[in-house]
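run32.txt, holding compact mmCIF, C-alpha atoms:
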```txt
# COMPACT_ATOMS: atom_id res chain seq x y z
CA MET A 1 -24.47 30.76 22.52
CA THR A 2 -21.37 32.92 22.83
CA ALA A 3 -19.80 30.33 25.07
CA LEU A 4 -20.68 27.66 22.56
CA ARG A 5 -19.08 29.57 19.71
CA THR A 6 -15.97 30.17 21.81
CA ALA A 7 -15.71 26.51 22.65
CA ALA A 8 -16.19 25.49 19.03
CA LEU A 9 -13.51 27.92 17.94
CA ALA A 10 -11.12 26.64 20.60
CA ALA A 11 -11.84 23.06 19.56
CA GLY A 12 -11.16 23.88 15.92
CA LEU A 13 -7.90 25.65 16.64
CA THR A 14 -6.69 22.94 19.00
CA GLY A 15 -7.60 20.25 16.50
CA LEU A 16 -5.71 22.11 13.78
CA LEU A 17 -2.61 22.39 15.93
CA ALA A 18 -2.86 18.74 16.91
CA ALA A 19 -3.17 17.69 13.28
CA GLN A 20 -0.12 19.76 12.40
CA ALA A 21 1.84 18.25 15.28
CA ALA A 22 0.69 14.78 14.33
CA GLY A 23 1.92 15.28 10.77
CA GLN A 24 5.44 15.83 12.06
CA ASP A 25 7.52 12.72 12.53
CA PRO A 26 7.58 11.93 16.27
CA ARG A 27 11.23 10.87 16.00
CA LEU A 28 12.14 14.49 15.44
CA GLU A 29 11.24 15.17 19.07
CA ARG A 30 14.80 14.11 19.85
CA LEU A 31 16.02 17.34 18.30
CA ASP A 32 16.00 20.63 20.14
CA PRO A 33 13.03 22.85 19.24
CA ASP A 34 14.82 25.17 16.82
CA THR A 35 16.54 22.30 15.00
CA ARG A 36 13.29 20.36 14.94
CA ILE A 37 11.44 23.21 13.25
CA ALA A 38 14.18 23.64 10.64
CA VAL A 39 14.48 19.92 9.92
CA ALA A 40 10.70 19.47 9.80
CA GLY A 41 10.55 22.20 7.17
CA LEU A 42 13.19 20.44 5.07
CA VAL A 43 11.40 17.12 5.49
CA ASP A 44 8.13 18.70 4.36
CA SER A 45 9.91 20.21 1.38
CA ALA A 46 11.32 16.80 0.44
CA ARG A 47 7.91 15.18 0.74
CA ALA A 48 6.34 17.88 -1.38
CA SER A 49 8.97 17.23 -4.05
CA GLY A 50 8.55 13.47 -3.93
CA LEU A 51 12.05 12.96 -2.51
CA PRO A 52 12.81 10.36 0.20
CA ALA A 53 12.18 12.24 3.44
CA GLU A 54 13.29 9.23 5.48
CA ALA A 55 16.90 9.86 4.46
CA LEU A 56 16.70 13.38 5.88
CA ILE A 57 15.19 12.15 9.13
CA ASP A 58 17.91 9.51 9.43
CA ARG A 59 20.61 12.11 8.92
CA ALA A 60 19.10 14.39 11.57
CA LEU A 61 18.79 11.48 13.99
CA GLU A 62 22.42 10.55 13.38
CA GLY A 63 23.44 14.09 14.24
CA ALA A 64 21.30 14.09 17.36
CA ALA A 65 22.70 10.71 18.47
CA LYS A 66 26.23 12.07 18.03
CA GLN A 67 25.26 15.23 19.90
CA ALA A 68 26.27 17.40 16.99
CA PRO A 69 25.52 21.13 17.18
CA ALA A 70 22.23 22.26 15.70
CA SER A 71 23.96 24.19 12.93
CA ARG A 72 25.75 21.06 11.72
CA ILE A 73 22.60 18.98 11.77
CA ILE A 74 20.66 21.57 9.79
CA SER A 75 23.55 22.02 7.38
CA ALA A 76 23.90 18.27 6.82
CA VAL A 77 20.18 17.81 6.18
CA THR A 78 20.07 20.83 3.87
CA THR A 79 23.03 19.53 1.87
CA LEU A 80 21.48 16.09 1.62
CA LEU A 81 18.22 17.54 0.33
CA SER A 82 20.11 19.54 -2.27
CA ASN A 83 22.05 16.46 -3.35
CA LEU A 84 18.88 14.40 -3.59
CA ARG A 85 17.40 17.04 -5.90
CA ASP A 86 20.52 16.96 -8.08
CA VAL A 87 20.42 13.17 -8.28
CA ARG A 88 16.79 13.14 -9.29
CA ALA A 89 17.49 15.69 -11.97
CA ALA A 90 20.32 13.46 -13.22
CA LEU A 91 18.50 10.12 -13.03
CA GLY A 92 14.98 11.20 -13.87
CA ALA A 93 11.67 11.04 -12.07
CA SER A 94 11.60 7.24 -12.04
CA ALA A 95 14.60 6.97 -9.70
CA THR A 96 13.85 4.97 -6.56
CA ALA A 97 14.57 6.15 -3.04
CA PRO A 98 17.62 3.84 -2.60
CA GLU A 99 18.99 5.05 -5.94
CA LEU A 100 18.53 8.67 -4.91
CA GLU A 101 20.23 8.10 -1.56
CA ALA A 102 23.17 6.23 -3.07
CA GLY A 103 23.51 8.86 -5.79
CA ALA A 104 23.44 11.63 -3.18
CA SER A 105 26.42 10.02 -1.45
CA ALA A 106 28.31 9.88 -4.73
CA ILE A 107 27.54 13.49 -5.60
CA HIS A 108 28.48 14.61 -2.10
CA LEU A 109 31.92 13.12 -2.69
CA GLY A 110 32.42 14.95 -5.95
CA VAL A 111 30.98 12.64 -8.60
CA ARG A 112 29.44 14.74 -11.34
CA PRO A 113 25.71 14.44 -12.04
CA ALA A 114 26.51 13.78 -15.71
CA ALA A 115 28.16 10.50 -14.66
CA LEU A 116 24.92 9.45 -13.00
CA THR A 117 22.95 10.26 -16.12
CA ARG A 118 25.39 8.21 -18.17
CA LEU A 119 25.03 5.29 -15.75
CA ARG A 120 21.25 5.49 -16.14
CA VAL A 121 21.67 5.18 -19.90
CA LEU A 122 24.12 2.29 -19.67
CA ARG A 123 21.97 0.33 -17.22
CA ALA A 124 18.63 1.33 -18.66
CA ARG A 125 16.26 -1.14 -17.12
CA GLN A 126 18.35 -2.21 -14.13
CA PRO A 127 18.49 -0.86 -10.60
CA LEU A 128 21.40 1.51 -10.04
CA THR A 129 21.69 1.42 -6.27
CA ILE A 130 24.61 -0.99 -6.05
CA ALA A 131 26.54 0.65 -8.88
CA LEU A 132 26.02 4.08 -7.31
CA SER A 133 26.97 2.75 -3.88
CA VAL A 134 30.18 1.28 -5.27
CA MET A 135 30.93 4.61 -6.92
CA ALA A 136 30.48 6.38 -3.58
CA ASP A 137 32.34 3.72 -1.58
CA LEU A 138 35.38 3.80 -3.84
CA THR A 139 35.49 7.58 -3.62
CA ALA A 140 35.23 7.37 0.15
CA ARG A 141 38.19 4.95 0.11
CA GLY A 142 40.30 7.57 -1.64
CA VAL A 143 39.74 6.87 -5.31
CA PRO A 144 39.35 10.23 -7.06
CA ALA A 145 35.69 10.89 -7.88
CA ASP A 146 36.25 11.03 -11.64
CA SER A 147 38.27 7.80 -11.57
CA ALA A 148 35.64 6.01 -9.49
CA ALA A 149 32.89 7.18 -11.83
CA ALA A 150 34.90 6.17 -14.89
CA ALA A 151 35.58 2.72 -13.42
CA VAL A 152 31.94 2.07 -12.65
CA LEU A 153 30.81 3.38 -16.03
CA ALA A 154 33.35 1.17 -17.78
CA LEU A 155 31.87 -1.88 -16.09
CA ALA A 156 28.24 -0.78 -16.05
CA GLY A 157 27.28 -2.65 -19.17
CA SER A 158 28.76 -5.99 -18.14
CA LEU A 159 28.60 -6.46 -14.36
CA ARG A 160 25.74 -7.67 -12.23
CA ASP A 161 25.19 -6.15 -8.81
CA ASP A 162 27.02 -8.91 -6.96
CA GLN A 163 29.94 -8.55 -9.35
CA PHE A 164 30.04 -4.84 -8.66
CA LEU A 165 30.41 -5.59 -4.96
CA ALA A 166 33.19 -8.04 -5.76
CA PHE A 167 34.86 -5.34 -7.84
CA ARG A 168 34.68 -2.97 -4.89
CA ARG A 169 36.23 -5.57 -2.58
CA SER A 170 38.99 -6.12 -5.09
CA VAL A 171 39.83 -2.41 -5.12
CA GLU A 172 39.65 -2.19 -1.33
CA ARG A 173 41.99 -5.15 -0.98
CA ASP A 174 44.53 -3.57 -3.29
CA ILE A 175 44.33 -0.30 -1.38
CA GLU A 176 44.87 -2.12 1.91
CA LEU A 177 47.90 -3.81 0.37
CA GLY A 178 49.35 -0.41 -0.41
CA ALA A 179 48.28 0.39 -3.95
CA PRO A 180 47.36 4.01 -4.67
CA PRO A 181 43.53 4.18 -4.76
CA ALA A 182 43.30 5.42 -8.36
CA ALA A 183 45.69 2.71 -9.56
CA ALA A 184 43.81 0.06 -7.60
CA ALA A 185 40.56 1.05 -9.29
CA SER A 186 41.97 1.15 -12.79
CA SER A 187 43.81 -2.15 -12.42
CA SER A 188 40.63 -3.85 -11.21
CA VAL A 189 38.80 -2.46 -14.22
CA ARG A 190 41.51 -3.79 -16.53
CA LEU A 191 41.16 -7.21 -14.97
CA GLY A 192 37.56 -6.99 -16.04
CA ALA A 193 34.45 -8.85 -15.10
CA GLY A 194 35.88 -12.20 -16.13
CA SER A 195 38.24 -12.38 -13.21
CA LEU A 196 35.75 -11.27 -10.59
CA PRO A 197 34.06 -13.92 -8.47
CA MET A 198 30.51 -14.72 -9.49
CA SER A 199 27.63 -15.48 -7.19
CA ASN A 200 25.20 -18.28 -7.85
CA GLY A 201 22.05 -16.33 -8.54
CA GLY A 202 23.11 -12.81 -9.07
CA THR A 203 19.74 -11.42 -8.10
CA SER A 204 20.37 -10.86 -4.42
CA THR A 205 23.43 -9.60 -2.71
CA SER A 206 24.10 -9.85 0.98
CA MET A 207 26.84 -8.47 3.13
CA PRO A 208 30.31 -9.54 2.22
CA PRO A 209 32.01 -11.71 4.85
CA ARG A 210 33.32 -9.51 7.62
CA ARG A 211 36.86 -9.62 8.81
CA PRO A 212 37.26 -9.47 12.56
CA MET B 1 -91.23 35.57 29.67
CA PHE B 2 -89.60 38.76 30.79
CA GLU B 3 -90.13 42.25 29.86
CA ARG B 4 -87.56 43.73 27.56
CA ASP B 5 -85.90 47.06 28.45
CA ASP B 6 -84.14 48.63 25.48
CA ASP B 7 -81.92 50.84 27.66
CA THR B 8 -80.67 47.91 29.70
CA LEU B 9 -79.95 45.90 26.56
CA THR B 10 -77.96 48.72 25.11
CA ASP B 11 -75.97 49.06 28.31
CA VAL B 12 -75.14 45.33 28.44
CA THR B 13 -74.12 45.30 24.80
CA ALA B 14 -71.80 48.24 25.35
CA ARG B 15 -70.14 46.55 28.32
CA VAL B 16 -69.68 43.27 26.44
CA ALA B 17 -68.23 45.14 23.50
CA ALA B 18 -65.92 47.09 25.75
CA SER B 19 -64.66 43.94 27.44
CA LEU B 20 -64.04 42.31 24.06
CA LYS B 21 -62.15 45.31 22.84
CA ALA B 22 -59.87 45.45 25.87
CA ALA B 23 -56.27 44.33 25.29
CA VAL B 24 -55.56 40.82 26.50
CA ARG B 25 -52.45 40.37 28.59
CA LEU B 26 -50.69 37.08 27.81
CA ASP B 27 -48.31 35.32 30.13
CA ALA B 28 -44.72 35.76 28.96
CA ALA B 29 -44.09 32.00 29.28
CA LEU B 30 -47.08 31.11 27.17
CA ASP B 31 -45.05 30.44 24.03
CA ALA B 32 -42.71 28.07 25.82
CA ARG B 33 -45.63 26.23 27.44
CA VAL B 34 -47.44 25.87 24.13
CA MET B 35 -44.31 24.58 22.38
CA ALA B 36 -43.67 22.13 25.18
CA GLN B 37 -47.20 20.82 24.82
CA VAL B 38 -46.79 20.56 21.06
CA SER B 39 -43.51 18.71 21.41
CA ALA B 40 -45.13 16.28 23.79
CA LEU B 41 -47.80 15.36 21.26
CA PRO B 42 -47.13 12.17 19.32
CA ALA B 43 -45.56 13.14 16.02
CA HIS B 44 -45.84 11.37 12.74
CA ARG B 45 -42.70 9.20 12.42
CA PRO B 46 -41.65 6.68 9.87
CA GLY B 47 -42.40 3.21 11.06
CA GLY B 48 -39.86 0.88 12.63
CA TRP B 49 -36.82 1.43 14.81
CA LEU B 50 -34.73 2.63 11.90
CA GLY B 51 -37.14 5.42 11.15
CA ARG B 52 -37.27 6.44 14.80
CA ALA B 53 -33.50 6.43 15.00
CA TRP B 54 -33.25 8.54 11.86
CA SER B 55 -35.80 10.96 13.23
CA TRP B 56 -33.89 11.14 16.53
CA LEU B 57 -30.68 11.84 14.71
CA ARG B 58 -32.21 14.62 12.62
CA ARG B 59 -33.93 16.42 15.48
CA PRO B 60 -32.05 19.66 16.20
CA ARG B 61 -30.87 20.26 19.73
CA THR B 62 -29.39 23.10 21.63
CA PHE B 63 -26.44 22.43 23.91
CA ALA B 64 -25.14 24.64 26.63
CA LEU B 65 -21.36 24.24 27.00
CA SER B 66 -18.99 26.21 29.13
CA PRO B 67 -15.71 27.36 27.53
CA LEU B 68 -13.87 25.08 29.94
CA ALA B 69 -15.86 22.05 28.81
CA GLY B 70 -15.24 23.07 25.20
CA LEU B 71 -11.51 23.20 25.77
CA ALA B 72 -11.63 19.82 27.48
CA ALA B 73 -13.42 18.37 24.47
CA ALA B 74 -10.89 19.96 22.12
CA ALA B 75 -8.02 18.56 24.16
CA SER B 76 -9.58 15.11 23.94
CA VAL B 77 -9.83 15.37 20.16
CA ALA B 78 -6.23 16.56 19.97
CA ALA B 79 -5.07 13.67 22.15
CA ILE B 80 -6.87 11.15 19.96
CA VAL B 81 -5.38 12.61 16.77
CA PHE B 82 -1.91 12.66 18.31
CA LEU B 83 -2.11 9.10 19.63
CA ALA B 84 -3.43 7.85 16.31
CA ALA B 85 -0.46 9.42 14.53
CA ARG B 86 1.94 7.88 17.02
CA LEU B 87 0.44 4.43 16.78
CA GLY B 88 0.56 4.65 13.00
CA ALA B 89 4.28 5.46 12.94
CA PRO B 90 6.65 2.61 12.15
CA PRO B 91 8.26 1.08 15.24
CA VAL B 92 11.84 1.95 16.06
CA GLY B 93 14.26 -0.48 14.51
CA ALA B 94 11.91 -1.77 11.84
CA PRO B 95 13.37 -1.62 8.36
CA ALA B 96 11.29 -0.19 5.58
CA GLY B 97 9.81 -3.49 4.49
CA GLY B 98 10.25 -5.81 1.58
CA ASP B 99 12.44 -8.91 1.62
CA ARG B 100 15.03 -8.72 4.35
CA THR B 101 18.51 -10.12 4.28
CA PRO B 102 20.22 -11.17 7.53
CA VAL B 103 23.31 -9.00 7.86
CA GLN B 104 25.94 -9.81 10.45
CA PHE B 105 27.86 -7.03 12.14
CA LEU B 106 31.14 -7.81 13.89
CA LEU B 107 33.50 -5.84 16.06
CA VAL B 108 36.61 -6.97 17.90
CA ALA B 109 36.74 -5.10 21.18
CA PRO B 110 38.43 -7.25 23.86
CA ARG B 111 38.25 -4.65 26.60
CA ALA B 112 34.71 -3.46 25.95
CA ALA B 113 31.99 -4.00 28.52
CA SER B 114 29.22 -3.32 26.03
CA VAL B 115 28.86 -2.66 22.32
CA MET B 116 25.76 -1.25 20.66
CA LEU B 117 24.92 -1.03 16.97
CA VAL B 118 23.30 2.23 15.89
CA GLY B 119 22.30 3.27 12.42
CA ASP B 120 19.64 4.21 9.95
CA PHE B 121 17.93 0.86 10.49
CA ASN B 122 17.18 1.50 14.17
CA ASP B 123 16.74 5.27 14.05
CA TRP B 124 20.11 5.75 15.71
CA THR B 125 18.74 4.46 19.01
CA ALA B 126 21.71 3.45 21.13
CA SER B 127 19.86 0.86 23.21
CA ALA B 128 18.00 -0.85 20.38
CA THR B 129 20.60 -3.30 19.04
CA PRO B 130 23.19 -4.61 21.50
CA LEU B 131 25.98 -6.87 20.25
CA ARG B 132 26.79 -10.06 22.14
CA THR B 133 30.12 -11.62 22.82
CA ALA B 134 30.76 -15.34 23.12
CA ALA B 135 32.65 -16.38 26.26
CA GLY B 136 34.22 -12.98 26.64
CA GLY B 137 36.52 -13.44 23.69
CA GLY B 138 36.22 -9.87 22.56
CA LEU B 139 34.41 -10.70 19.33
CA TRP B 140 31.07 -8.90 19.41
CA THR B 141 28.38 -9.86 16.91
CA VAL B 142 24.78 -9.21 16.04
CA THR B 143 22.68 -10.16 13.04
CA VAL B 144 20.03 -7.74 11.81
CA PRO B 145 17.52 -8.44 9.03
CA LEU B 146 17.70 -5.53 6.59
CA ALA B 147 15.60 -4.61 3.61
CA PRO B 148 17.49 -3.78 0.41
CA GLY B 149 19.09 -0.36 0.62
CA ARG B 150 22.09 1.61 1.76
CA TYR B 151 22.50 2.20 5.49
CA ARG B 152 24.85 4.30 7.60
CA TYR B 153 25.82 2.87 10.97
CA ALA B 154 28.41 2.88 13.73
CA PHE B 155 29.21 1.12 16.98
CA VAL B 156 28.97 2.67 20.43
CA VAL B 157 31.47 1.05 22.79
CA ASP B 158 30.85 1.21 26.53
CA GLY B 159 28.04 3.67 25.99
CA LYS B 160 30.24 6.59 25.03
CA ARG B 161 32.87 5.83 22.40
CA TRP B 162 31.70 6.01 18.78
CA GLN B 163 33.55 3.73 16.40
CA PRO B 164 33.09 3.01 12.69
CA ASP B 165 33.20 -0.53 11.38
CA PRO B 166 36.85 -1.08 10.36
CA SER B 167 35.83 -3.72 7.83
CA ALA B 168 33.22 -1.66 5.99
CA PRO B 169 33.37 1.34 3.67
CA PRO B 170 33.37 4.64 5.51
CA ALA B 171 30.33 6.87 5.23
CA PRO B 172 31.14 9.51 2.65
CA ASP B 173 30.25 12.52 4.73
CA ASP B 174 31.49 12.73 8.29
CA GLU B 175 29.65 15.88 9.26
CA PHE B 176 29.10 15.12 12.90
CA GLY B 177 32.60 14.62 14.18
CA SER B 178 32.61 10.85 14.58
CA PRO B 179 32.75 8.72 11.44
CA SER B 180 30.15 6.18 10.40
CA SER B 181 30.28 3.21 8.06
CA VAL B 182 28.07 2.14 5.19
CA VAL B 183 26.47 -1.18 4.37
CA THR B 184 24.66 -1.81 1.11
CA VAL B 185 22.16 -4.63 1.02
CA GLY B 186 21.34 -5.92 -2.41
CA GLY B 187 18.12 -7.27 -3.83
CA THR B 188 15.40 -5.51 -5.73
CA LEU B 189 16.32 -1.90 -5.23
```
Could you quickly redo this structure as structure tokens?
Amino acid sequence: MTALRTAALAAGLTGLLAAQAAGQDPRLERLDPDTRIAVAGLVDSARASGLPAEALIDRALEGAAKQAPASRIISAVTTLLSNLRDVRAALGASATAPELEAGASAIHLGVRPAALTRLRVLRARQPLTIALSVMADLTARGVPADSAAAAVLALAGSLRDDQFLAFRRSVERDIELGAPPAAAASSSVRLGAGSLPMSNGGTSTSMPPRRP
Amino acid sequence: MFERDDDTLTDVTARVAASLKAAVRLDAALDARVMAQVSALPAHRPGGWLGRAWSWLRRPRTFALSPLAGLAAAASVAAIVFLAARLGAPPVGAPAGGDRTPVQFLLVAPRAASVMLVGDFNDWTASATPLRTAAGGGLWTVTVPLAPGRYRYAFVVDGKRWQPDPSAPPAPDDEFGSPSSVVTVGGTL
């Protein structure tokens, strides 16, 4: 009977460890053990908070693919988790995963959470992902964060998602032609929604045509 | 008839009494033999195969198991749990679901021997999404169906050189030393 109890105990412990290992995303096996443990903890924390854990896994995988040092991967994932928390606090509990991820990009670039809250108010029953993405993309193109946020907020009540993407292309084109980023954004806002190209349906937006 | 001798009768009675009073030595295996006989007797069971099956399931049993066999059994359980978790995971390269929009990715790389697309949509797996070039013109393309969302991606040229998409917005945070790009796919987000 002692042997039986020992075997049962071993089975229980092994099963517990296996269940714990199975709960961890198998894609994280690409990370080195220390990084994997740290990232898995952050992923668990995100899941427990109802935040999109997939974004954290993607960021860790990107770091691993680029052979970034462990410290950078952990730092990037930690920062992303913090930004996701800030975005959810700004947008509310009903924010979707794409909205949270797009908002995290905007906040990472310096957009203030209050601008996100204002956007939520202005586009109360509409998805915010495209508007937040445009805010982040403009900032990444060199438009100051406050100017990008102000531009998007100014248009938030009147533009559809596809028009927001057209607005972004308009700003990018002006920047490529040599306009200062802040001026390019404000001039596109002044032109307003009326001058931006419209799509047929306005409910679905695909990739803009790519230039070779 | 025979003649009765009181002394003899008393002597026989005493001997019988003494033999009855003597301690009886039982075989040590008697209990096991009796229980085996009892178990072999036909027991009252509910009628039908279902009742017999239920009775069979409820009958307690004692197993002898070595620690090694126990560990082997535990390892088998662990393997099953692990494989079930793996099989339940989404396949590499599969977007999150929902309506997917075909998105074309282009890169002009006339001197490249190979170009791969890596990003959030294929778990940053370098071999998952190769681009193709038509007639060696240097224009590399691939079309990937993507669910609505915002994705980071980059190109890997000749298996070693990371390159962002020059025609797409840059990813806002270049924390890993080689920049990525961003594509936003619209729809119900």
**Prompt:** How would you write as a PyMOL selection string the residues that get within 6 Å of (27.3, 6.6, -13.7) in the file's frame, counting all atoms listed in the file?
**Reply:** chain A and resi 115-116+118-119+149+153
**Message:** Restricting the calculation to only C-alpha atoms: of B:Ile80, B:Leu57, B:Ala32, B:Leu131, which residue gets closest to Ala109 in chain B?
**Reply:** B:Leu131
**Asked** When the cut-off is 6 Å and we count all atoms listed in the file, which residues of chain B are near chain A, given as a PyMOL selection string?
**Response** chain B and resi 65-67+70+74+78+82+85+103+108+120+124+149+169+172+176+185-187+189
**Request:** Name all residues at most 12 Å from Ile37 in chain A (count all atoms listed in the file; drop same-chain ones fewer than 3 positions away) and give them as a list in words.
**Result:**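 Within the cut-off, the hits are Ala21, Gln24, Asp25, Leu28, Glu29, Arg30, Leu31, Asp32, Pro33, Asp34, Ala40, Gly41, Leu42, Val43, Asp44, Ala60, Ala70 and Ile74 of chain A.
The space separating CA of Phe105 in chain B from CA of Asp123 in chain B comes to 16.7 Å.
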**Complete:** In Å and to one decimal, CA of Pro164 in chain B is distant from CA of Leu107 in chain B by 9.5 Å
**Message:** Can you measure CA of Thr133 in chain B to CA of Gly177 in chain B for me? One decimal in Å is fine.
**Reply:**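 Result for CA of Thr133 in chain B versus CA of Gly177 in chain B: 27.7 Å, one decimal.
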**Prompt:** For Ala46 in chain A, which residue out of A:Leu191, A:Ala166, A:Thr79, A:Leu84 is the nearest one, using only C-alpha atoms?
**Reply:**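 Between A:Leu191, A:Ala166, A:Thr79, A:Leu84, the residue approaching Ala46 in chain A most closely is A:Leu84.
Distance annotation: of A:Ala124, A:Ser82, A:Gly142, A:Gly103, the residue with the minimal separation from Glu176 in chain A is A:Gly142; atom set is all atoms listed in the file.
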**Request:** Just the residues within 9 Å of Tyr153 in chain B, please, counting only C-alpha atoms, with nothing from its chain fewer than 6 positions along; format it as a list of chain:residue names.
**Result:** A:Glu62, B:Leu117, B:Val118, B:Gly119, B:Asp120, B:Phe121, B:Trp124, B:Pro164, B:Asp165, B:Ala171, B:Ser180, B:Ser181, B:Val182, B:Val183
**Nearest candidate to Ile175 in chain A (options A:Arg112, A:Val143, A:Gln163, A:Ser94; using all atoms listed in the file)** = A:Val143
**Who sits within 8 Å of Ser147 in chain A, all atoms listed in the file, same chain under 6 positions skipped, as an MDAnalysis selection string** = chainID A and resid 182 185:186
**Prompt:** In terms of the shortest atom-to-atom distance over all atoms listed in the file, which of B:Ala112, B:Gln163, B:Arg100, B:Ala23 is closest to Trp140 in chain B?
**Reply:**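 Of B:Ala112, B:Gln163, B:Arg100, B:Ala23, the one nearest Trp140 in chain B, counting all atoms listed in the file, is B:Ala112.
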**Request:** Please identify all polymer residues within 9 Å of Phe164 in chain A, counting all atoms listed in the file, omitting same-chain residues fewer than 5 positions from it, and present them as a ChimeraX atom specification.
**Result:** /A:130-131,134,152,155-156,159,169,193,196
